[in-house]
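Everything below belongs to target_22.csv, which stores CSV, C-alpha atoms.
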```
chain,number,residue,atom,x,y,z
A,1343,MET,CA,0.0,0.0,0.0
A,1344,ARG,CA,2.8,2.5,0.8
A,1345,PHE,CA,4.4,1.8,-2.6
A,1346,ILE,CA,1.1,2.5,-4.3
A,1347,ILE,CA,0.6,5.7,-2.4
A,1348,ALA,CA,4.2,6.8,-3.2
A,1349,LEU,CA,3.4,6.3,-7.0
A,1350,LEU,CA,0.3,8.3,-6.6
A,1351,ILE,CA,2.1,11.2,-4.9
A,1352,ILE,CA,4.7,11.3,-7.7
A,1353,SER,CA,2.0,11.6,-10.2
A,1354,LEU,CA,0.3,14.4,-8.2
A,1355,ASN,CA,3.4,16.5,-8.4
A,1356,ALA,CA,3.3,16.2,-12.2
A,1357,TYR,CA,-0.4,17.2,-12.3
A,1358,CYS,CA,-1.2,19.8,-14.9
A,1359,ASP,CA,-1.1,23.3,-13.3
A,1360,SER,CA,-4.3,24.3,-15.1
A,1361,ILE,CA,-6.1,21.4,-13.5
A,1362,LYS,CA,-4.7,22.2,-10.0
A,1363,GLU,CA,-5.9,25.8,-10.5
A,1364,ALA,CA,-9.3,24.6,-11.6
A,1365,ARG,CA,-9.7,22.2,-8.6
A,1366,ALA,CA,-8.6,24.9,-6.2
A,1367,ALA,CA,-11.2,27.4,-7.6
A,1368,TYR,CA,-13.9,24.7,-7.6
A,1369,SER,CA,-13.2,24.0,-4.0
A,1370,ARG,CA,-13.8,27.6,-3.1
A,1371,GLY,CA,-17.1,27.6,-5.0
A,1372,ASP,CA,-15.7,29.8,-7.8
A,1373,PHE,CA,-17.1,27.8,-10.7
A,1374,LYS,CA,-16.5,30.4,-13.3
A,1375,ARG,CA,-12.8,30.5,-12.6
A,1376,ALA,CA,-12.7,26.7,-12.4
A,1377,SER,CA,-14.4,26.4,-15.8
A,1378,LEU,CA,-11.8,28.8,-17.4
A,1379,PHE,CA,-8.9,26.6,-16.1
A,1380,TYR,CA,-10.6,23.4,-17.2
A,1381,LYS,CA,-11.0,24.8,-20.7
A,1382,GLU,CA,-7.4,25.8,-20.6
A,1383,ALA,CA,-6.4,22.3,-19.6
A,1384,LEU,CA,-8.5,20.9,-22.4
A,1385,THR,CA,-6.7,22.9,-25.0
A,1386,LYS,CA,-3.4,21.5,-23.8
A,1387,LYS,CA,-4.6,17.9,-23.6
A,1388,LYS,CA,-7.8,16.4,-25.0
A,1389,SER,CA,-8.4,14.4,-21.8
A,1390,LEU,CA,-11.8,12.7,-21.6
A,1391,GLU,CA,-11.8,13.0,-17.9
A,1392,ILE,CA,-11.6,16.8,-18.1
A,1393,LEU,CA,-14.8,16.9,-20.1
A,1394,PHE,CA,-16.8,15.5,-17.2
A,1395,PHE,CA,-15.2,18.0,-14.7
A,1396,LEU,CA,-15.7,21.0,-17.1
A,1397,ALA,CA,-19.4,20.1,-17.6
A,1398,ASP,CA,-20.0,19.8,-13.9
A,1399,SER,CA,-18.4,23.2,-13.3
A,1400,LEU,CA,-20.3,24.9,-16.1
A,1401,LYS,CA,-23.6,23.4,-14.8
A,1402,ASN,CA,-23.0,24.7,-11.3
A,1403,GLU,CA,-22.1,28.1,-12.8
A,1404,GLY,CA,-25.4,28.1,-14.6
A,1405,ASN,CA,-23.7,28.1,-18.0
A,1406,LEU,CA,-24.1,24.5,-19.2
A,1407,SER,CA,-25.3,25.6,-22.7
A,1408,SER,CA,-21.7,26.7,-23.5
A,1409,PHE,CA,-20.5,23.2,-23.0
A,1410,LYS,CA,-22.2,22.0,-26.1
A,1411,GLU,CA,-20.4,24.7,-28.1
A,1412,ILE,CA,-16.9,23.3,-27.4
A,1413,LYS,CA,-15.4,22.3,-30.7
A,1414,LEU,CA,-14.6,18.6,-30.8
A,1415,ASP,CA,-14.4,15.9,-33.4
A,1416,PRO,CA,-16.0,12.4,-33.1
A,1417,PRO,CA,-15.8,10.4,-30.9
A,1418,LEU,CA,-15.1,13.2,-28.4
A,1419,SER,CA,-18.1,15.1,-29.7
A,1420,TYR,CA,-20.4,12.2,-28.9
A,1421,LEU,CA,-19.0,12.2,-25.4
A,1422,ARG,CA,-19.5,15.9,-25.1
A,1423,ASP,CA,-23.1,15.7,-26.2
A,1424,GLY,CA,-23.8,12.7,-24.0
A,1425,ILE,CA,-22.6,14.6,-21.0
A,1426,TYR,CA,-24.7,17.6,-21.9
A,1427,PHE,CA,-27.9,15.6,-22.2
A,1428,TYR,CA,-27.1,13.7,-19.0
A,1429,HIS,CA,-27.0,17.0,-17.1
A,1430,LYS,CA,-30.2,18.0,-18.7
A,1431,GLY,CA,-31.9,14.9,-17.4
A,1432,MET,CA,-32.4,13.5,-20.9
A,1433,TYR,CA,-30.9,10.1,-20.0
A,1434,GLU,CA,-32.1,7.9,-22.9
A,1435,LYS,CA,-30.7,10.4,-25.5
A,1436,GLY,CA,-27.5,10.8,-23.4
A,1437,GLU,CA,-27.0,7.0,-23.3
A,1438,VAL,CA,-27.3,6.7,-27.1
A,1439,LEU,CA,-24.6,9.3,-27.6
A,1440,PHE,CA,-22.4,7.8,-24.9
A,1441,LYS,CA,-22.6,4.4,-26.7
A,1442,LYS,CA,-21.5,6.1,-30.0
A,1443,ALA,CA,-18.3,7.3,-28.2
A,1444,GLY,CA,-17.3,3.6,-28.1
A,1445,ASN,CA,-14.7,4.0,-25.3
A,1446,SER,CA,-14.3,3.5,-21.6
A,1447,TYR,CA,-15.6,7.0,-20.8
A,1448,GLY,CA,-18.6,6.4,-22.9
A,1449,TYR,CA,-19.5,3.4,-20.8
A,1450,VAL,CA,-19.0,5.5,-17.7
A,1451,GLY,CA,-21.5,8.0,-19.1
A,1452,MET,CA,-24.0,5.2,-19.9
A,1453,ALA,CA,-23.6,4.0,-16.3
A,1454,LEU,CA,-24.4,7.5,-15.0
A,1455,CYS,CA,-27.5,7.6,-17.1
A,1456,ARG,CA,-28.6,4.2,-15.7
A,1457,LYS,CA,-27.8,5.2,-12.1
A,1458,ALA,CA,-29.8,8.4,-12.5
A,1459,ARG,CA,-32.8,6.2,-13.4
A,1460,GLY,CA,-32.3,3.9,-10.4
A,1461,ASP,CA,-31.0,1.0,-12.4
A,1462,PHE,CA,-27.9,0.4,-10.3
A,1463,ARG,CA,-27.1,-3.2,-11.5
A,1464,LYS,CA,-27.1,-2.1,-15.1
A,1465,ALA,CA,-24.9,0.9,-14.1
A,1466,GLU,CA,-22.5,-1.6,-12.4
A,1467,LYS,CA,-22.4,-3.7,-15.6
A,1468,TYR,CA,-21.5,-0.7,-17.7
A,1469,LEU,CA,-18.8,0.3,-15.3
A,1470,ILE,CA,-17.2,-3.1,-15.4
A,1471,LEU,CA,-17.3,-2.9,-19.2
A,1472,ALA,CA,-15.6,0.5,-19.0
A,1473,LYS,CA,-12.9,-1.0,-16.8
A,1474,GLY,CA,-12.3,-3.7,-19.3
A,1475,LEU,CA,-11.6,-1.1,-21.9
A,1476,SER,CA,-9.3,1.0,-19.6
A,1477,LEU,CA,-8.0,-0.1,-16.2
A,1478,GLN,CA,-6.5,3.4,-15.8
A,1479,ASN,CA,-9.9,5.2,-16.0
A,1480,PRO,CA,-10.4,6.7,-12.5
A,1481,LEU,CA,-14.0,7.6,-13.1
A,1482,VAL,CA,-14.8,3.8,-13.3
A,1483,TYR,CA,-13.6,3.3,-9.7
A,1484,ILE,CA,-15.1,6.5,-8.4
A,1485,ASN,CA,-18.5,5.6,-9.8
A,1486,LEU,CA,-18.3,2.0,-8.7
A,1487,LEU,CA,-17.6,3.2,-5.2
A,1488,ASN,CA,-20.7,5.3,-5.4
A,1489,ILE,CA,-22.9,2.4,-6.6
A,1490,TYR,CA,-21.7,0.1,-3.9
A,1491,SER,CA,-22.2,2.7,-1.3
A,1492,LEU,CA,-25.8,3.1,-2.4
A,1493,LEU,CA,-26.2,-0.7,-2.3
A,1494,GLY,CA,-24.5,-1.1,1.0
A,1495,GLU,CA,-21.9,-3.6,-0.5
A,1496,ASP,CA,-18.8,-2.8,1.6
A,1497,GLU,CA,-16.8,-5.8,0.5
A,1498,LYS,CA,-17.1,-4.7,-3.1
A,1499,LYS,CA,-16.1,-1.2,-2.1
A,1500,HIS,CA,-12.9,-2.6,-0.5
A,1501,LYS,CA,-12.1,-4.5,-3.7
A,1502,VAL,CA,-12.6,-1.4,-5.8
A,1503,PHE,CA,-10.3,0.7,-3.7
A,1504,LYS,CA,-7.6,-2.0,-4.0
A,1505,GLU,CA,-7.9,-2.3,-7.8
A,1506,GLY,CA,-8.3,1.5,-8.3
A,1507,LEU,CA,-5.3,2.5,-6.2
A,1508,LYS,CA,-3.2,-0.2,-8.0
A,1509,ASN,CA,-4.3,0.8,-11.5
A,1510,THR,CA,-4.7,4.6,-11.5
A,1511,ARG,CA,-2.8,7.6,-10.3
A,1512,SER,CA,-5.9,9.6,-9.5
A,1513,PRO,CA,-5.9,12.1,-6.6
A,1514,LEU,CA,-9.7,11.8,-6.6
A,1515,LEU,CA,-9.6,8.1,-5.8
A,1516,LEU,CA,-6.9,8.7,-3.1
A,1517,PHE,CA,-9.1,11.4,-1.6
A,1518,GLU,CA,-12.1,9.0,-1.4
A,1519,PHE,CA,-9.8,6.4,0.2
A,1520,ALA,CA,-8.7,8.9,2.8
A,1521,LYS,CA,-12.3,9.8,3.7
A,1522,SER,CA,-13.2,6.1,3.8
A,1523,LEU,CA,-10.3,5.5,6.3
A,1524,ALA,CA,-11.5,8.4,8.5
A,1525,TYR,CA,-15.1,7.0,8.4
A,1526,GLN,CA,-13.7,3.7,9.7
A,1527,GLY,CA,-11.9,5.5,12.5
A,1528,LEU,CA,-8.4,5.1,11.0
A,1529,LEU,CA,-7.6,8.7,11.6
A,1530,SER,CA,-3.8,8.6,11.5
A,1531,GLU,CA,-3.8,6.7,8.2
A,1532,SER,CA,-6.3,9.1,6.7
A,1533,TYR,CA,-4.3,12.1,8.0
A,1534,ASN,CA,-1.1,10.8,6.4
A,1535,ILE,CA,-2.8,10.5,2.9
A,1536,LEU,CA,-4.5,13.9,3.2
A,1537,GLN,CA,-1.3,15.6,4.1
A,1538,LYS,CA,0.3,14.2,1.0
A,1539,LEU,CA,-2.6,15.4,-1.1
A,1540,HIS,CA,-2.4,18.8,0.7
A,1541,GLN,CA,1.3,19.2,-0.1
A,1542,ALA,CA,0.7,18.4,-3.7
A,1543,GLU,CA,-2.2,20.8,-4.0
A,1544,PRO,CA,-1.9,23.4,-1.2
A,1545,ASP,CA,-4.6,25.6,-2.6
A,1546,ASN,CA,-7.3,22.9,-2.7
A,1547,LEU,CA,-9.8,23.8,0.1
A,1548,PHE,CA,-11.4,20.3,0.0
A,1549,TYR,CA,-8.2,18.8,1.4
A,1550,LYS,CA,-8.0,21.4,4.1
A,1551,GLU,CA,-11.6,20.9,5.2
A,1552,GLU,CA,-11.1,17.1,5.4
A,1553,LEU,CA,-7.9,17.7,7.4
A,1554,VAL,CA,-9.9,19.8,9.8
A,1555,LYS,CA,-12.4,17.0,10.2
A,1556,VAL,CA,-9.8,14.4,10.8
A,1557,LEU,CA,-7.6,16.5,13.2
A,1558,LEU,CA,-10.7,17.6,15.1
A,1559,ALA,CA,-11.8,13.9,15.5
A,1560,ARG,CA,-8.3,12.9,16.5
A,1561,GLY,CA,-8.1,15.7,19.0
A,1562,GLU,CA,-11.4,14.8,20.6
A,1563,GLU,CA,-10.3,11.1,20.7
A,1564,LYS,CA,-7.1,12.1,22.5
A,1565,HIS,CA,-8.8,14.2,25.1
A,1566,LYS,CA,-11.9,12.0,25.8
A,1567,HIS,CA,-10.0,9.9,28.4
A,1568,GLN,CA,-9.0,12.9,30.5
A,1569,HIS,CA,-12.4,12.9,32.4
A,1570,THR,CA,-12.6,16.7,32.4
A,1571,HIS,CA,-16.2,18.1,32.3
A,1572,GLY,CA,-17.8,21.5,31.9
A,1573,VAL,CA,-18.0,24.2,29.3
A,1574,LEU,CA,-14.7,25.8,30.1
A,1575,HIS,CA,-12.8,22.6,29.9
A,1576,ARG,CA,-14.4,21.8,26.5
A,1577,LEU,CA,-13.6,25.3,25.2
A,1578,HIS,CA,-10.0,25.0,26.4
A,1579,ARG,CA,-9.7,21.5,24.7
A,1580,ILE,CA,-11.1,22.9,21.4
A,1581,GLU,CA,-8.6,25.8,21.6
A,1582,GLU,CA,-5.8,23.3,21.9
A,1583,ILE,CA,-7.1,21.2,19.0
A,1584,GLU,CA,-7.4,24.4,16.9
A,1585,LYS,CA,-3.8,25.3,17.5
A,1586,ASP,CA,-2.8,21.8,16.4
A,1587,ILE,CA,-4.9,22.0,13.3
A,1588,PHE,CA,-3.4,25.3,12.1
A,1589,SER,CA,0.1,24.1,12.8
A,1590,LYS,CA,-0.5,21.3,10.3
A,1591,ILE,CA,-2.4,23.0,7.5
A,1592,ARG,CA,-0.9,25.6,5.1
A,1593,HIS,CA,-3.3,28.5,5.0
A,1594,SER,CA,-3.7,32.2,4.2
A,1595,GLU,CA,-5.2,34.6,6.8
A,1596,ILE,CA,-8.6,34.5,5.2
A,1597,GLU,CA,-8.5,30.7,4.9
A,1598,LYS,CA,-7.8,30.5,8.6
A,1599,VAL,CA,-11.0,32.5,9.3
A,1600,TYR,CA,-13.0,30.3,6.9
A,1601,LEU,CA,-11.6,27.1,8.4
A,1602,GLN,CA,-12.4,28.3,11.9
A,1603,GLY,CA,-16.0,28.9,10.8
A,1604,PHE,CA,-16.0,25.4,9.2
A,1605,MET,CA,-14.8,23.9,12.5
A,1606,ASN,CA,-17.5,25.7,14.4
A,1607,ILE,CA,-20.1,24.2,12.0
A,1608,LEU,CA,-18.7,20.7,12.7
A,1609,LEU,CA,-19.0,21.4,16.4
A,1610,ASN,CA,-22.6,22.8,16.0
A,1611,PHE,CA,-21.4,26.2,17.2
A,1612,PHE,CA,-23.6,27.8,14.5
A,1613,THR,CA,-23.6,31.4,15.8
A,1614,SER,CA,-19.8,31.5,15.9
A,1615,GLY,CA,-19.7,29.8,12.5
A,1616,MET,CA,-22.0,32.4,11.1
A,1617,GLU,CA,-19.8,35.2,12.4
A,1618,LYS,CA,-16.7,33.7,10.8
A,1619,MET,CA,-18.4,33.2,7.4
A,1620,ASN,CA,-19.6,36.8,7.5
A,1621,GLU,CA,-16.1,37.9,8.4
A,1622,VAL,CA,-14.7,36.0,5.4
A,1623,LEU,CA,-17.2,37.7,3.0
A,1624,GLU,CA,-16.5,41.1,4.5
A,1625,ARG,CA,-12.8,40.6,3.6
A,1626,ASP,CA,-13.3,38.8,0.3
A,1627,LYS,CA,-16.6,38.7,-1.5
A,1628,SER,CA,-15.2,36.2,-4.0
A,1629,PHE,CA,-14.8,33.5,-1.3
A,1630,PHE,CA,-18.0,32.0,-2.6
A,1631,ILE,CA,-18.0,28.8,-0.6
A,1632,ALA,CA,-18.6,30.9,2.5
A,1633,ARG,CA,-22.0,32.0,1.1
A,1634,GLN,CA,-23.0,28.4,0.7
A,1635,ARG,CA,-21.9,27.7,4.3
A,1636,LEU,CA,-24.0,30.6,5.6
A,1637,LEU,CA,-27.1,29.2,3.8
A,1638,PHE,CA,-26.4,25.8,5.3
A,1639,ILE,CA,-26.2,27.3,8.8
A,1640,TYR,CA,-29.5,29.1,8.3
A,1641,LYS,CA,-31.1,25.8,7.3
A,1642,GLU,CA,-29.7,23.9,10.3
A,1643,VAL,CA,-30.9,26.4,12.9
A,1644,GLY,CA,-34.2,27.3,11.1
A,1645,PHE,CA,-33.1,30.9,10.8
A,1646,MET,CA,-35.9,32.8,9.0
A,1647,ALA,CA,-34.3,36.3,9.1
A,1648,LYS,CA,-35.4,39.1,6.7
A,1649,ILE,CA,-31.9,38.9,5.1
A,1650,LEU,CA,-32.5,35.3,4.0
A,1651,PRO,CA,-33.5,36.1,0.4
A,1652,ASP,CA,-30.4,38.3,0.2
A,1653,VAL,CA,-28.2,35.5,1.5
A,1654,TYR,CA,-29.7,33.1,-1.1
A,1655,ARG,CA,-29.2,35.6,-3.9
A,1656,ASP,CA,-25.6,36.1,-2.9
A,1657,ALA,CA,-25.0,32.4,-2.9
A,1658,LEU,CA,-26.6,32.1,-6.3
A,1659,SER,CA,-24.6,35.0,-7.8
A,1660,ASN,CA,-21.9,32.7,-9.2
A,1661,ALA,CA,-23.6,29.4,-8.7
A,1662,LYS,CA,-26.9,29.7,-10.6
A,1663,GLY,CA,-27.0,26.0,-11.4
A,1664,LEU,CA,-26.0,24.7,-7.9
A,1665,ALA,CA,-29.0,22.6,-6.8
A,1666,ILE,CA,-27.9,22.2,-3.2
A,1667,LEU,CA,-28.7,25.9,-2.5
A,1668,ASP,CA,-32.4,25.3,-3.3
A,1669,VAL,CA,-32.3,22.0,-1.3
A,1670,TYR,CA,-31.2,24.0,1.7
A,1671,LEU,CA,-34.0,26.5,1.2
A,1672,ALA,CA,-36.6,23.8,0.7
A,1673,GLU,CA,-35.6,22.1,3.9
A,1674,LEU,CA,-35.6,25.3,5.8
A,1675,TYR,CA,-39.1,26.3,4.6
A,1676,MET,CA,-40.4,22.8,5.4
A,1677,LYS,CA,-39.1,23.2,8.9
A,1678,LYS,CA,-41.1,26.4,9.2
A,1679,GLY,CA,-44.2,24.9,7.6
A,1680,SER,CA,-44.0,27.1,4.5
A,1681,ILE,CA,-45.0,24.4,2.1
A,1682,THR,CA,-45.5,26.5,-1.0
A,1683,GLU,CA,-42.0,28.0,-0.8
A,1684,ALA,CA,-40.5,24.6,0.0
A,1685,TYR,CA,-42.2,23.2,-3.1
A,1686,ILE,CA,-40.9,26.0,-5.3
A,1687,HIS,CA,-37.3,25.5,-4.2
A,1688,SER,CA,-37.6,21.7,-4.6
A,1689,LYS,CA,-38.7,22.2,-8.2
A,1690,ASN,CA,-35.8,24.6,-8.7
A,1691,ALA,CA,-33.4,22.0,-7.4
A,1692,LEU,CA,-34.7,19.3,-9.7
A,1693,ARG,CA,-34.6,21.6,-12.7
A,1694,LYS,CA,-31.0,22.4,-12.0
A,1695,ASP,CA,-30.0,18.8,-11.2
A,1696,PRO,CA,-32.5,16.1,-12.4
A,1697,ASN,CA,-30.3,13.4,-10.7
A,1698,LEU,CA,-31.8,14.5,-7.4
```

Spell out the structure here as C-alpha cells.
Amino acid sequence: MRFIIALLIISLNAYCDSIKEARAAYSRGDFKRASLFYKEALTKKKSLEILFFLADSLKNEGNLSSFKEIKLDPPLSYLRDGIYFYHKGMYEKGEVLFKKAGNSYGYVGMALCRKARGDFRKAEKYLILAKGLSLQNPLVYINLLNIYSLLGEDEKKHKVFKEGLKNTRSPLLLFEFAKSLAYQGLLSESYNILQKLHQAEPDNLFYKEELVKVLLARGEEKHKHQHTHGVLHRLHRIEEIEKDIFSKIRHSEIEKVYLQGFMNILLNFFTSGMEKMNEVLERDKSFFIARQRLLFIYKEVGFMAKILPDVYRDALSNAKGLAILDVYLAELYMKKGSITEAYIHSKNALRKDPNL
C-alpha cells in the first residue's frame, strides 16, 4: 500500500497546473474560474476526464449551454453531447450518444444515465465494461464506489479501492480512500494521505476541510480519556485542538478564518460559524463557498431572518446552477411549515439537477 501511495504522490506532483488551479477554484465555489482553467487544460490535452469535470463546473455556474459549443471531433463530440444531455436529465438520449463514443468514458456515461434512473445493476455492468476497456480510467472506480455505497456492499467497495489504487494515479480516488479510512476510525492513516494530497495541491480547500475534520476527531479522541467536564474545559480543549490544526495546514489569513468557521459548524457552534463566514465575506466577496456555508447554517438552525433572500441571492450570484442551495431553502421552509416556498425550491433544485 505504501508503494502504491508513493506512486500516486509522484503523479500528483506532475499534475497539470491548469487542473490544479481549476480544482482549487472549484473547492472555493468559484465555478466560473474553475471552468476557465478546465477549458485551458482541455486545449493542452484532450483528456476525456476533463470533459466531465468541465461540464459539472459549467452546470454549477449556470452556463451548461456553452459546454455543447466546445469544438470537438468524433468520438469526443459524442461524449460531449452525451454529458450535456445527461446533465439536462435526458438520459435515454444521453445513453445513445455515450454508446457512440465507443470508449471507456462512454460506458461511464452510460452508467451515469442508468444510475440516475435507479438501475444500479445495469450501471454496475456498464462500469465493469468500462474497466475492461481501460484499467486506468479513474471515473470507473469513483462511480463503482458510489454504486456500492448506495447498495451497501462494503466488501465490493474494498475491492474497488484495492484495484483502483493499483491501476490509477488519481488524486480523486486517493481522496475518497482517505475519507473512507476516516469513516472507519483510522484517523492517522487518513491524515497521512490527506497531508500528501495537501502538499501536492496546497490551494485545494477540499483537502483542508477534510484535514480539519480528521484532526478535530483525532483531538477529541485524544482528550476523551481525560475525564474533564464542563463548558470551560471543553472550550480549552477545542482551543488546543485548533492550534494543532493550524500548525499542520498551510493557510492564508482569510482561509484560517474560513476554516475556523467550518470547524465551528462541525461542532454545532452555529452562531460562531455564522460570524466567521460573514467575516470571510467582508474581507473577500469572491470567497464564494462561505456564502454556501452561511445558507447551510440558516437551514440547520431554522433561521428565517429578513436577510435570508439576500443570502440566497448572494449564494446564487456565481452558482446559478448549484442545486444544493435550493435544497437548503426547501428544507428550511419545510421546517417552518412554508409548504409553497418549499415546493418552489424543490422544483428549482430538480430543474438544476435532475439526478436529485

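For the set A:Leu1528, A:Leu1536, A:Leu1384, A:Leu1577, the residue with the smallest atom-to-atom gap to A:Arg1560 is A:Leu1528, counting all atoms listed in the file.
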
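Counting from atom CA of A:Leu1609, the distance to atom CA of A:Lys1555 is 10.1 Å.
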
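For the pair atom CA of A:Leu1454 and atom CA of A:Gly1436, the interatomic distance is 9.5 Å.
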
> Restricting the calculation to all atoms listed in the file, which member of A:Tyr1420, A:Phe1629, A:Phe1611, A:Tyr1685 is positioned closest to A:Arg1370?
Replying inline: A:Phe1629

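Straight-line separation from atom CA of A:Leu1486 to atom CA of A:Ser1512: 14.6 Å.
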